[in-house]
Structure formats: structure tokens, C-alpha cells
$ cat input-v1.csv   # CSV, C-alpha atoms and all ligand atoms
chain,number,residue,atom,x,y,z
A,1,MET,CA,55.6,99.3,30.6
A,2,LYS,CA,54.0,95.9,30.1
A,3,LYS,CA,54.5,94.1,26.9
A,4,TRP,CA,53.1,91.0,25.2
A,5,ASN,CA,55.0,87.7,25.1
A,6,LEU,CA,53.9,84.3,23.7
A,7,VAL,CA,55.0,81.1,25.3
A,8,ILE,CA,54.7,77.8,23.3
A,9,ASP,CA,55.1,74.4,25.0
A,10,VAL,CA,56.4,72.0,22.4
A,11,ALA,CA,55.6,69.0,24.6
A,12,LYS,CA,51.9,70.0,24.7
A,13,CYS,CA,51.4,70.6,20.9
A,14,HIS,CA,49.6,67.8,19.1
A,15,ASP,CA,49.5,69.3,15.7
A,16,CYS,CA,45.7,69.7,15.8
A,17,ASN,CA,46.0,72.9,13.8
A,18,ASN,CA,43.3,74.7,15.8
A,19,CYS,CA,45.6,77.7,16.1
A,20,PHE,CA,46.2,77.8,12.4
A,21,LEU,CA,42.5,77.5,11.6
A,22,SER,CA,41.4,80.1,14.2
A,23,CYS,CA,43.9,82.5,12.5
A,24,LYS,CA,42.2,81.7,9.2
A,25,ASP,CA,38.8,82.3,10.7
A,26,GLU,CA,39.9,85.7,12.0
A,27,TYR,CA,41.7,87.0,9.0
A,28,VAL,CA,40.5,85.5,5.8
A,29,GLY,CA,38.0,87.9,4.3
A,30,ASN,CA,38.4,90.5,7.1
A,31,ASP,CA,40.4,93.7,7.0
A,32,PHE,CA,41.6,95.1,10.3
A,33,PRO,CA,43.0,98.5,9.6
A,34,PRO,CA,45.5,99.8,10.4
A,35,PHE,CA,47.0,96.4,11.2
A,36,SER,CA,46.2,94.1,8.4
A,37,VAL,CA,44.2,93.5,5.2
A,38,ALA,CA,42.4,90.3,4.6
A,39,GLN,CA,44.5,87.1,4.5
A,40,PRO,CA,44.1,85.2,1.2
A,41,ASN,CA,42.1,81.9,1.3
A,42,HIS,CA,45.2,79.8,0.5
A,43,GLY,CA,48.9,79.8,0.9
A,44,HIS,CA,49.6,81.7,4.1
A,45,ARG,CA,50.6,80.1,7.4
A,46,TRP,CA,50.8,82.9,9.9
A,47,MET,CA,51.0,80.2,12.5
A,48,ASN,CA,53.2,77.7,10.7
A,49,ILE,CA,53.4,74.3,12.5
A,50,MET,CA,56.6,72.5,11.7
A,51,ARG,CA,56.9,68.7,12.2
A,52,LYS,CA,59.9,66.6,13.2
A,53,GLU,CA,60.3,62.8,13.6
A,54,ARG,CA,63.3,61.6,15.6
A,55,GLY,CA,65.0,58.2,15.9
A,56,GLN,CA,64.5,54.9,14.1
A,57,TYR,CA,61.9,52.2,14.6
A,58,PRO,CA,60.8,51.3,17.2
A,59,LYS,CA,62.4,54.1,19.2
A,60,VAL,CA,60.8,57.1,17.5
A,61,ASP,CA,59.0,60.2,18.7
A,62,VAL,CA,57.5,63.2,16.9
A,63,ALA,CA,57.4,66.8,17.9
A,64,TYR,CA,55.6,69.9,16.5
A,65,LEU,CA,56.9,73.4,16.5
A,66,PRO,CA,54.3,76.2,15.9
A,67,ILE,CA,56.2,79.2,14.4
A,68,PRO,CA,54.4,82.6,14.3
A,69,CYS,CA,56.1,86.0,13.9
A,70,MET,CA,58.4,86.2,16.9
A,71,HIS,CA,57.7,89.9,17.4
A,72,CYS,CA,61.4,90.4,17.8
A,73,ASP,CA,62.8,93.4,19.8
A,74,ASP,CA,65.7,93.6,17.4
A,75,ALA,CA,63.7,92.9,14.2
A,76,PRO,CA,65.5,92.9,10.8
A,77,CYS,CA,62.1,93.4,9.1
A,78,ILE,CA,61.8,96.8,10.8
A,79,LYS,CA,65.4,97.8,10.1
A,80,LYS,CA,65.3,96.8,6.4
A,81,SER,CA,61.9,98.0,5.4
A,82,LYS,CA,61.4,101.3,3.7
A,83,ASP,CA,59.3,104.3,4.8
A,84,GLY,CA,58.7,102.8,8.3
A,85,ALA,CA,56.5,100.1,6.8
A,86,VAL,CA,57.2,97.7,9.7
A,87,TYR,CA,57.2,99.1,13.2
A,88,LYS,CA,57.1,97.9,16.8
A,89,ARG,CA,54.3,99.1,19.1
A,90,ASP,CA,55.1,100.1,22.7
A,91,ASP,CA,53.5,96.8,23.8
A,92,GLY,CA,56.0,94.8,21.9
A,93,ILE,CA,53.9,93.7,18.9
A,94,VAL,CA,55.5,94.1,15.5
A,95,ILE,CA,53.1,95.3,12.8
A,96,ILE,CA,53.5,95.5,9.0
A,97,ASP,CA,51.6,98.6,7.9
A,98,PRO,CA,49.6,97.4,4.9
A,99,GLU,CA,49.5,100.8,3.3
A,100,LYS,CA,53.2,101.7,3.6
A,101,ALA,CA,54.3,98.2,2.8
A,102,LYS,CA,52.4,98.0,-0.5
A,103,GLY,CA,54.7,96.6,-3.2
A,104,GLN,CA,57.6,95.9,-0.8
A,105,LYS,CA,57.9,92.2,-1.5
A,106,ASP,CA,61.6,92.3,-0.4
A,107,ILE,CA,60.4,92.5,3.2
A,108,LEU,CA,59.8,88.8,3.1
A,109,ALA,CA,63.5,88.1,2.8
A,110,THR,CA,64.4,90.1,5.9
A,111,CYS,CA,62.8,87.7,8.3
A,112,PRO,CA,65.1,84.8,9.2
A,113,TYR,CA,62.1,82.8,10.6
A,114,GLY,CA,60.2,82.9,7.3
A,115,ALA,CA,57.3,84.4,9.1
A,116,ILE,CA,56.2,86.9,6.4
A,117,TRP,CA,53.9,85.9,3.6
A,118,TRP,CA,53.1,87.7,0.3
A,119,ASN,CA,49.6,88.6,-0.6
A,120,GLU,CA,49.6,88.6,-4.4
A,121,GLU,CA,46.2,90.1,-4.9
A,122,LYS,CA,46.8,93.1,-2.5
A,123,ALA,CA,50.5,93.2,-3.2
A,124,VAL,CA,51.4,93.4,0.5
A,125,PRO,CA,53.6,91.4,2.9
A,126,GLN,CA,51.7,90.0,5.8
A,127,LYS,CA,52.2,88.1,9.1
A,128,CYS,CA,50.8,87.4,12.5
A,129,THR,CA,49.7,90.6,14.3
A,130,LEU,CA,49.1,88.8,17.6
A,131,CYS,CA,45.5,89.9,17.0
A,132,ALA,CA,46.5,93.4,18.0
A,133,HIS,CA,43.0,94.6,17.0
A,134,LEU,CA,41.4,92.2,19.6
A,135,LEU,CA,44.0,92.9,22.4
A,136,ASP,CA,43.3,96.7,21.9
A,137,GLU,CA,39.6,95.9,22.5
A,138,GLY,CA,40.4,94.3,25.8
A,139,TRP,CA,40.8,90.7,24.8
A,140,LYS,CA,43.2,88.8,27.1
A,141,GLU,CA,44.6,86.6,24.4
A,142,PRO,CA,44.7,86.2,20.6
A,143,ARG,CA,42.5,83.8,18.7
A,144,CYS,CA,45.2,81.1,18.4
A,145,VAL,CA,45.8,81.0,22.2
A,146,GLN,CA,42.0,80.9,22.8
A,147,ALA,CA,41.6,78.0,20.4
A,148,CYS,CA,44.4,75.8,21.6
A,149,PRO,CA,42.9,72.8,23.4
A,150,THR,CA,46.0,71.5,25.2
A,151,GLY,CA,47.3,74.7,26.8
A,152,ALA,CA,50.4,74.6,24.5
A,153,LEU,CA,50.0,78.4,23.8
A,154,ARG,CA,50.0,81.1,26.5
A,155,VAL,CA,50.3,84.8,26.3
A,156,ILE,CA,52.0,86.8,29.1
A,157,TYR,CA,51.4,90.5,29.4
A,158,ALA,CA,54.2,91.7,31.7
A,159,GLU,CA,57.1,94.0,32.3
A,160,ASP,CA,60.3,92.8,30.8
A,161,PHE,CA,61.9,92.1,34.2
A,162,GLU,CA,58.8,90.0,35.2
A,163,MET,CA,59.1,88.1,32.0
A,164,GLN,CA,62.8,87.5,32.6
A,165,LYS,CA,61.9,85.8,35.9
A,166,ILE,CA,59.4,83.5,34.2
A,167,ILE,CA,62.0,82.7,31.5
A,168,GLU,CA,64.4,81.6,34.1
A,169,SER,CA,62.0,79.7,36.4
A,170,GLU,CA,60.4,77.8,33.5
A,171,ASN,CA,63.6,77.3,31.4
A,172,LEU,CA,62.2,79.0,28.4
A,173,GLU,CA,64.2,79.4,25.3
A,174,VAL,CA,64.0,81.2,22.0
A,175,TYR,CA,64.2,79.3,18.7
A,176,GLN,CA,67.3,79.8,16.6
A,177,PRO,CA,69.0,82.2,19.1
A,178,GLN,CA,71.9,82.6,16.6
A,179,TYR,CA,69.7,85.0,14.6
A,180,LYS,CA,70.1,87.4,17.5
A,181,THR,CA,66.7,89.1,16.9
A,182,ARG,CA,65.6,89.0,20.5
A,183,PRO,CA,62.2,87.3,19.9
A,184,ARG,CA,59.2,87.8,22.3
A,185,VAL,CA,58.1,84.3,21.5
A,186,TYR,CA,59.5,81.7,23.9
A,187,TYR,CA,59.5,77.9,23.8
A,188,LYS,CA,59.2,75.4,26.6
A,189,ASN,CA,60.5,71.9,26.0
A,190,LEU,CA,62.2,73.0,22.8
A,191,TYR,CA,64.6,70.1,23.1
A,192,ARG,CA,61.8,67.9,21.8
A,193,TYR,CA,62.2,69.5,18.4
A,194,ALA,CA,65.7,71.1,18.3
A,195,THR,CA,67.9,68.4,19.8
A,196,CYS,CA,68.5,64.7,19.4
A,197,PHE,CA,68.4,61.6,21.6
A,198,ILE,CA,70.4,58.3,22.1
A,199,ALA,CA,68.2,55.3,22.9
A,200,GLY,CA,68.4,51.6,23.0
A,201,SER,CA,67.5,48.4,24.9
A,202,VAL,CA,69.4,45.9,27.0
A,203,ALA,CA,68.6,42.2,27.0
A,204,ILE,CA,70.1,39.0,28.3
A,205,ARG,CA,71.7,36.9,25.6
A,206,ASP,CA,71.0,33.4,27.1
A,207,THR,CA,67.4,33.9,27.9
A,208,ASP,CA,66.4,36.7,25.5
A,209,GLU,CA,64.8,38.5,28.4
A,210,CYS,CA,64.7,42.3,29.0
A,211,ALA,CA,67.5,43.4,31.3
A,212,GLU,CA,65.5,45.6,33.8
A,213,GLY,CA,67.8,47.6,36.1
A,214,ALA,CA,70.9,47.7,33.9
A,215,THR,CA,73.1,50.8,34.4
A,216,VAL,CA,73.9,52.7,31.2
A,217,SER,CA,76.5,55.4,31.5
A,218,LEU,CA,76.8,57.9,28.7
A,219,ILE,CA,80.4,59.0,28.1
A,220,LYS,CA,81.5,62.0,26.1
A,221,GLY,CA,84.8,62.0,24.2
A,222,SER,CA,87.6,61.4,26.6
A,223,LYS,CA,85.9,59.2,29.2
A,224,LYS,CA,83.8,61.8,31.0
A,225,THR,CA,80.5,60.4,32.2
A,226,ILE,CA,77.8,63.0,31.4
A,227,ALA,CA,74.7,61.1,32.2
A,228,GLU,CA,73.5,57.8,33.7
A,229,ALA,CA,70.3,55.8,33.2
A,230,VAL,CA,68.7,52.7,34.6
A,231,THR,CA,66.8,50.5,32.1
A,232,ASN,CA,63.1,50.1,32.7
A,233,ASN,CA,61.2,46.8,32.7
A,234,TYR,CA,61.5,46.6,28.9
A,235,GLY,CA,65.2,47.0,29.2
A,236,ASP,CA,64.9,50.4,27.5
A,237,PHE,CA,67.0,53.5,28.1
A,238,LYS,CA,67.0,57.0,26.6
A,239,PHE,CA,69.2,60.1,26.9
A,240,ASP,CA,67.8,63.3,25.4
A,241,GLY,CA,68.7,66.9,24.6
A,242,PHE,CA,72.0,66.6,22.6
A,243,ASP,CA,73.1,68.8,19.8
A,244,GLU,CA,73.0,67.2,16.4
A,245,ASP,CA,76.5,66.4,15.0
A,246,GLY,CA,77.6,66.3,18.6
A,247,GLY,CA,80.7,64.1,18.0
A,248,ALA,CA,81.9,60.9,19.7
A,249,TYR,CA,80.0,59.3,22.6
A,250,SER,CA,80.2,55.9,24.1
A,251,LEU,CA,77.7,53.8,26.2
A,252,ASP,CA,79.0,51.8,29.1
A,253,ILE,CA,76.5,49.1,30.1
A,254,SER,CA,76.7,47.0,33.2
A,255,TYR,CA,74.2,44.5,34.6
A,256,LYS,CA,74.6,42.3,37.7
A,257,ASP,CA,77.5,39.9,37.2
A,258,ARG,CA,77.6,40.1,33.4
A,259,PRO,CA,80.7,41.5,31.7
A,260,LYS,CA,80.4,45.2,30.9
A,261,LYS,CA,79.8,46.2,27.4
A,262,ILE,CA,80.9,49.4,25.6
A,263,ILE,CA,79.2,50.8,22.5
A,264,GLU,CA,80.9,53.6,20.6
A,265,LEU,CA,78.9,55.9,18.5
A,266,GLU,CA,79.2,59.1,16.4
A,267,LEU,CA,76.2,61.3,17.1
A,268,LYS,CA,74.8,62.9,14.0
A,269,THR,CA,71.1,62.8,14.7
A,270,SER,CA,68.7,60.9,17.0
A,271,VAL,CA,69.8,57.3,17.2
A,272,ASN,CA,68.4,54.0,18.3
A,273,VAL,CA,71.4,51.8,19.0
A,274,GLY,CA,69.2,48.7,19.0
A,275,THR,CA,69.2,45.8,21.4
A,276,ILE,CA,72.5,45.3,23.3
A,277,LEU,CA,72.9,41.7,24.4
A,278,LEU,CA,74.8,41.0,27.6
B,301,LIG,S1,59.9,87.0,13.3
B,301,LIG,FE1,60.5,87.9,11.4
B,301,LIG,S2,58.7,89.2,10.8
B,301,LIG,FE2,58.5,88.7,13.0
B,301,LIG,S3,59.5,90.5,14.0
B,301,LIG,FE3,61.1,88.9,13.8
B,301,LIG,S4,62.1,89.4,11.9
B,301,LIG,FE4,60.1,90.5,11.9
B,302,LIG,S1,46.2,74.6,18.7
B,302,LIG,FE1,47.7,74.2,20.3
B,302,LIG,S2,48.0,71.9,20.2
B,302,LIG,FE2,46.9,72.5,18.3
B,302,LIG,S3,48.5,72.8,16.8
B,302,LIG,FE3,48.2,74.8,17.7
B,302,LIG,S4,49.7,75.0,19.4
B,302,LIG,FE4,49.5,72.8,18.8
$ encode --input "input-v1.csv" --output "C-alpha cells"
Amino acid sequence: MKKWNLVIDVAKCHDCNNCFLSCKDEYVGNDFPPFSVAQPNHGHRWMNIMRKERGQYPKVDVAYLPIPCMHCDDAPCIKKSKDGAVYKRDDGIVIIDPEKAKGQKDILATCPYGAIWWNEEKAVPQKCTLCAHLLDEGWKEPRCVQACPTGALRVIYAEDFEMQKIIESENLEVYQPQYKTRPRVYYKNLYRYATCFIAGSVAIRDTDECAEGATVSLIKGSKKTIAEAVTNNYGDFKFDGFDEDGGAYSLDISYKDRPKKIIELELKTSVNVGTILL
């Protein structure tokens, strides 16, 4: 049976908030029984866009991570709610029944992604429904996907084995896999948000010019080279995709007939090692 999946490309998200606003436009003031009652005017972020700045000036970048309900296949919100108040449809979408969930504020704490919000006026927990009411009417995508101007959001309606092939071919990942909830929301280029980089510049001491074409080897722990880069015309290099608190690394820099230079570092978070003079 085909099921819905959402793919989010972190490299294409520019924090325009169109997805967030289209969600508001759809749900504020509108009931969609049996899937949802109206979203309050303020306070809810069913598509919650997180922001992260990495590095130090001038080597910085910024990434945005839209977080909706992950429509998990092994969802703690389903297991821990009472009276079947949260359930999974055959097409993969997880729904909080607004009637059965009335008063069950403790459902919020069951979601490790913080994707459930409390509606004080109606006394119900609420979250993204993937616009199930629209998909059931024949829409091909929910409002957020339709509103995204960069193509950062994409829904895929596919058998699980077909989705598995897409996951492998596009290197898709789930966010926070340690939660083990088997999300149906996948991320592309997640490293932009979830990992850190090592960057710097190489320059020539005597002339203060950029050293274009210097070789920079990244060495992990006991002298194992794990990556190599060649500096660009600004003398810049960058290695990306490392776990934070990744331990000891060193950079081995060589350029023409200049003596080699080795920089030791302890990687905690993204780091600009500055200008290395040869
Ligand atoms: S992301 Fe949270 S609310 Fe959504 S299905 Fe998973 S556990 Fe439930
Ligand atoms: S609409 Fe697309 S680009 Fe804009 S914030 Fe949402 S996911 Fe990012």
C-alpha cells in the first residue's frame, strides 16, 4: 500500500516562512473534522523552522531546519495516549483525534520532536495533519509543500520499498535517529544543520598574498588522513559534515617549497582556524 512521506532539503530552505504561513492560512479559524479543530491565532508552529549559525566570522554559514510532525511509524504519541486518541492511518499519516484527545495535555510530552502544541481554548493537543483533509479530496500535496518557493519541500506517495530506494539514492536521513520513532519525514543535506565544519585560509607570510593551490590534509587522531582539500584563489579551505565534540584533529598544510605547517585542534563545534601563514 502506498503511503505519504515528506522530504525536506535543508540546503534549499531560506527561512521564508511560506510553509508556516500557509499552514496558518489553512488551519486558523477552520475546523476539519475528524482530523483537527481550528488552530489558535498565536503560539502554534505546526511547521517549526529552526535556525542554526555555524562558524566564526568571516567563515560562517546559516541553515534552517523545518520541523513538522514526523508522522512516525513507531510513534510514542500513539502508544502513550489514552482511548486511541492518536492513531496512524493506513497511508502513514498520524492524526490526533480532537474529540478523543480532549483534555489530554500530557500527550505533548510524548513527542520527542516537540511537534505537538496545546490549544488552551479548545483544550486539545494539536499538530500537523499533513493536510489529510486535502489529500483525501485528491490534492497531490499539502499546503506547505504547495507554498514552498524553492522546492525545499516535497511529498512522495509511494510503497515503502519504493521509498527505501529513494532514501538510498538521494542519501536521505531522519532527524535525531536516536529517538528510534521511524519518522516518515526525511531530510536531504541534513549535515548543513546537524554537523559542524573546519575552515580556514592559507596565506604567504612574506607577501601577505592568498596561497591558492595549497594542499590541506585533515588528520583524525592517530595520523589517519580522512580528507584532503586544495585552497581556492582566496586561500580558503573547508571540511564539512563532522560530529560536534568529535575529538582531536590536525591540519597538515603544504604549499610549494614552503615548510609544512601542522595545526592541532579539538573539535567541539564548527571552527574557523583563521589565516595560516606559511
Ligand atoms: S513527530 Fe511526535 S507527534 Fe509526530 S508522530 Fe512522531 S511522536 Fe507523534
Ligand atoms: S517555504 Fe520552503 S524555503 Fe520557505 S521556510 Fe518553508 S521550507 Fe523553507
$ atom_distance --input "input-v1.csv" --atom1 "CA of Glu228 in chain A" --atom2 "CA of Ile204 in chain A"
19.9 Å
$ atom_distance --input "input-v1.csv" --atom1 "CA of Pro68 in chain A" --atom2 "CA of Pro98 in chain A"
18.2 Å
$ atom_distance --input "input-v1.csv" --atom1 "CA of Cys69 in chain A" --atom2 "CA of Gly55 in chain A"
29.3 Å
$ closest_residue --input "input-v1.csv" --among "A:Asn189, A:Gln126, A:Ser270, A:Asn18" --to "ligand LIG 301 (chain B)" --atoms "only C-alpha atoms and all ligand atoms"
A:Gln126
$ closest_atom_pairs --input "input-v1.csv" --of "chain A" --to "ligand LIG 302 (chain B)" --cutoff "6 Å" --atoms "all atoms listed in the file" --output "Markdown table"
| residue | atom | partner | partner_atom | distance |
| --- | --- | --- | --- | --- |
| A:Cys13 | CA | B:LIG302 | FE4 | 3.6 |
| A:His14 | CA | B:LIG302 | S2 | 4.5 |
| A:Asp15 | CA | B:LIG302 | S3 | 3.8 |
| A:Cys16 | CA | B:LIG302 | FE2 | 3.9 |
| A:Asn17 | CA | B:LIG302 | S3 | 3.9 |
| A:Asn18 | CA | B:LIG302 | S1 | 4.1 |
| A:Cys19 | CA | B:LIG302 | S1 | 4.1 |
| A:Pro66 | CA | B:LIG302 | S4 | 5.9 |
| A:Ala147 | CA | B:LIG302 | S1 | 6.0 |
| A:Cys148 | CA | B:LIG302 | S1 | 3.6 |
| A:Pro149 | CA | B:LIG302 | FE1 | 5.9 |
| A:Thr150 | CA | B:LIG302 | S2 | 5.4 |
| A:Ala152 | CA | B:LIG302 | FE1 | 5.0 |
| A:Leu153 | CA | B:LIG302 | S4 | 5.6 |
$ write_last_selection --input "input-v1.csv" --atoms "C-alpha atoms" --output "compact mmCIF listing (two decimals), keeping the file's coordinate frame"
# COMPACT_ATOMS: atom_id res chain seq x y z
CA CYS A 13 51.40 70.60 20.90
CA HIS A 14 49.60 67.80 19.10
CA ASP A 15 49.50 69.30 15.70
CA CYS A 16 45.70 69.70 15.80
CA ASN A 17 46.00 72.90 13.80
CA ASN A 18 43.30 74.70 15.80
CA CYS A 19 45.60 77.70 16.10
CA PRO A 66 54.30 76.20 15.90
CA ALA A 147 41.60 78.00 20.40
CA CYS A 148 44.40 75.80 21.60
CA PRO A 149 42.90 72.80 23.40
CA THR A 150 46.00 71.50 25.20
CA ALA A 152 50.40 74.60 24.50
CA LEU A 153 50.00 78.40 23.80
$ decode --input "input-v1.csv" --residues "range 194-228 of chain A" --atoms "N, CA and C atoms" --output "compact mmCIF listing (two decimals), in the first residue's frame"
# COMPACT_ATOMS: atom_id res chain seq x y z
N ALA A 194 23.01 19.71 11.17
CA ALA A 194 23.26 18.78 12.28
C ALA A 194 24.72 18.46 12.51
N THR A 195 25.62 18.96 11.68
CA THR A 195 27.04 18.65 11.87
C THR A 195 27.85 19.95 11.86
N CYS A 196 29.17 19.82 12.00
CA CYS A 196 29.99 21.03 12.03
C CYS A 196 31.12 20.96 11.00
N PHE A 197 31.75 22.12 10.77
CA PHE A 197 32.82 22.20 9.78
C PHE A 197 34.13 22.71 10.39
N ILE A 198 35.20 22.48 9.62
CA ILE A 198 36.52 23.05 9.96
C ILE A 198 36.93 23.87 8.74
N ALA A 199 37.18 25.16 8.93
CA ALA A 199 37.53 26.02 7.80
C ALA A 199 38.68 26.94 8.17
N GLY A 200 39.29 27.50 7.16
CA GLY A 200 40.38 28.44 7.41
C GLY A 200 40.91 28.98 6.09
N SER A 201 42.01 29.72 6.19
CA SER A 201 42.65 30.30 4.99
C SER A 201 44.15 30.09 5.11
N VAL A 202 44.80 30.04 3.95
CA VAL A 202 46.26 29.93 3.92
C VAL A 202 46.80 31.14 3.15
N ALA A 203 47.82 31.79 3.73
CA ALA A 203 48.42 32.96 3.07
C ALA A 203 49.94 32.86 3.16
N ILE A 204 50.60 33.64 2.31
CA ILE A 204 52.06 33.63 2.28
C ILE A 204 52.57 34.75 3.19
N ARG A 205 53.43 34.38 4.13
CA ARG A 205 53.87 35.31 5.17
C ARG A 205 54.57 36.55 4.59
N ASP A 206 55.51 36.32 3.65
CA ASP A 206 56.35 37.45 3.17
C ASP A 206 55.53 38.49 2.40
N THR A 207 54.59 37.99 1.60
CA THR A 207 53.90 38.90 0.69
C THR A 207 52.47 39.21 1.12
N ASP A 208 51.98 38.46 2.12
CA ASP A 208 50.60 38.60 2.60
C ASP A 208 49.57 38.26 1.51
N GLU A 209 49.99 37.46 0.52
CA GLU A 209 49.05 37.07 -0.55
C GLU A 209 48.38 35.75 -0.21
N CYS A 210 47.20 35.53 -0.80
CA CYS A 210 46.49 34.26 -0.60
C CYS A 210 47.29 33.14 -1.25
N ALA A 211 47.33 32.00 -0.56
CA ALA A 211 48.05 30.85 -1.12
C ALA A 211 47.06 29.96 -1.86
N GLU A 212 46.84 30.23 -3.10
CA GLU A 212 45.95 29.40 -3.91
C GLU A 212 46.65 28.09 -4.26
N GLY A 213 45.95 26.97 -4.13
CA GLY A 213 46.53 25.68 -4.51
C GLY A 213 47.31 24.99 -3.41
N ALA A 214 47.24 25.50 -2.17
CA ALA A 214 47.88 24.79 -1.06
C ALA A 214 47.08 23.52 -0.76
N THR A 215 47.79 22.46 -0.36
CA THR A 215 47.12 21.21 -0.01
C THR A 215 46.93 21.15 1.50
N VAL A 216 45.67 20.90 1.91
CA VAL A 216 45.36 20.80 3.33
C VAL A 216 44.83 19.39 3.60
N SER A 217 45.56 18.65 4.42
CA SER A 217 45.11 17.30 4.79
C SER A 217 44.52 17.35 6.19
N LEU A 218 43.37 16.71 6.32
CA LEU A 218 42.73 16.65 7.63
C LEU A 218 43.02 15.28 8.23
N ILE A 219 43.62 15.31 9.41
CA ILE A 219 44.08 14.07 10.05
C ILE A 219 43.30 13.87 11.35
N LYS A 220 42.78 12.65 11.49
CA LYS A 220 41.99 12.36 12.69
C LYS A 220 42.83 11.56 13.67
N GLY A 221 42.88 11.98 14.90
CA GLY A 221 43.55 11.24 15.96
C GLY A 221 44.95 10.80 15.59
N SER A 222 45.11 9.49 15.46
CA SER A 222 46.45 8.93 15.29
C SER A 222 46.90 8.90 13.83
N LYS A 223 47.02 10.08 13.23
CA LYS A 223 47.69 10.25 11.94
C LYS A 223 46.97 9.63 10.75
N LYS A 224 45.67 9.44 10.82
CA LYS A 224 44.96 8.90 9.67
C LYS A 224 44.34 10.07 8.87
N THR A 225 44.77 10.23 7.61
CA THR A 225 44.21 11.30 6.79
C THR A 225 42.81 10.90 6.36
N ILE A 226 41.84 11.75 6.72
CA ILE A 226 40.44 11.39 6.38
C ILE A 226 39.88 12.25 5.26
N ALA A 227 40.57 13.37 4.95
CA ALA A 227 40.08 14.22 3.85
C ALA A 227 41.21 15.13 3.41
N GLU A 228 41.09 15.58 2.18
CA GLU A 228 42.12 16.49 1.65
C GLU A 228 41.41 17.59 0.86
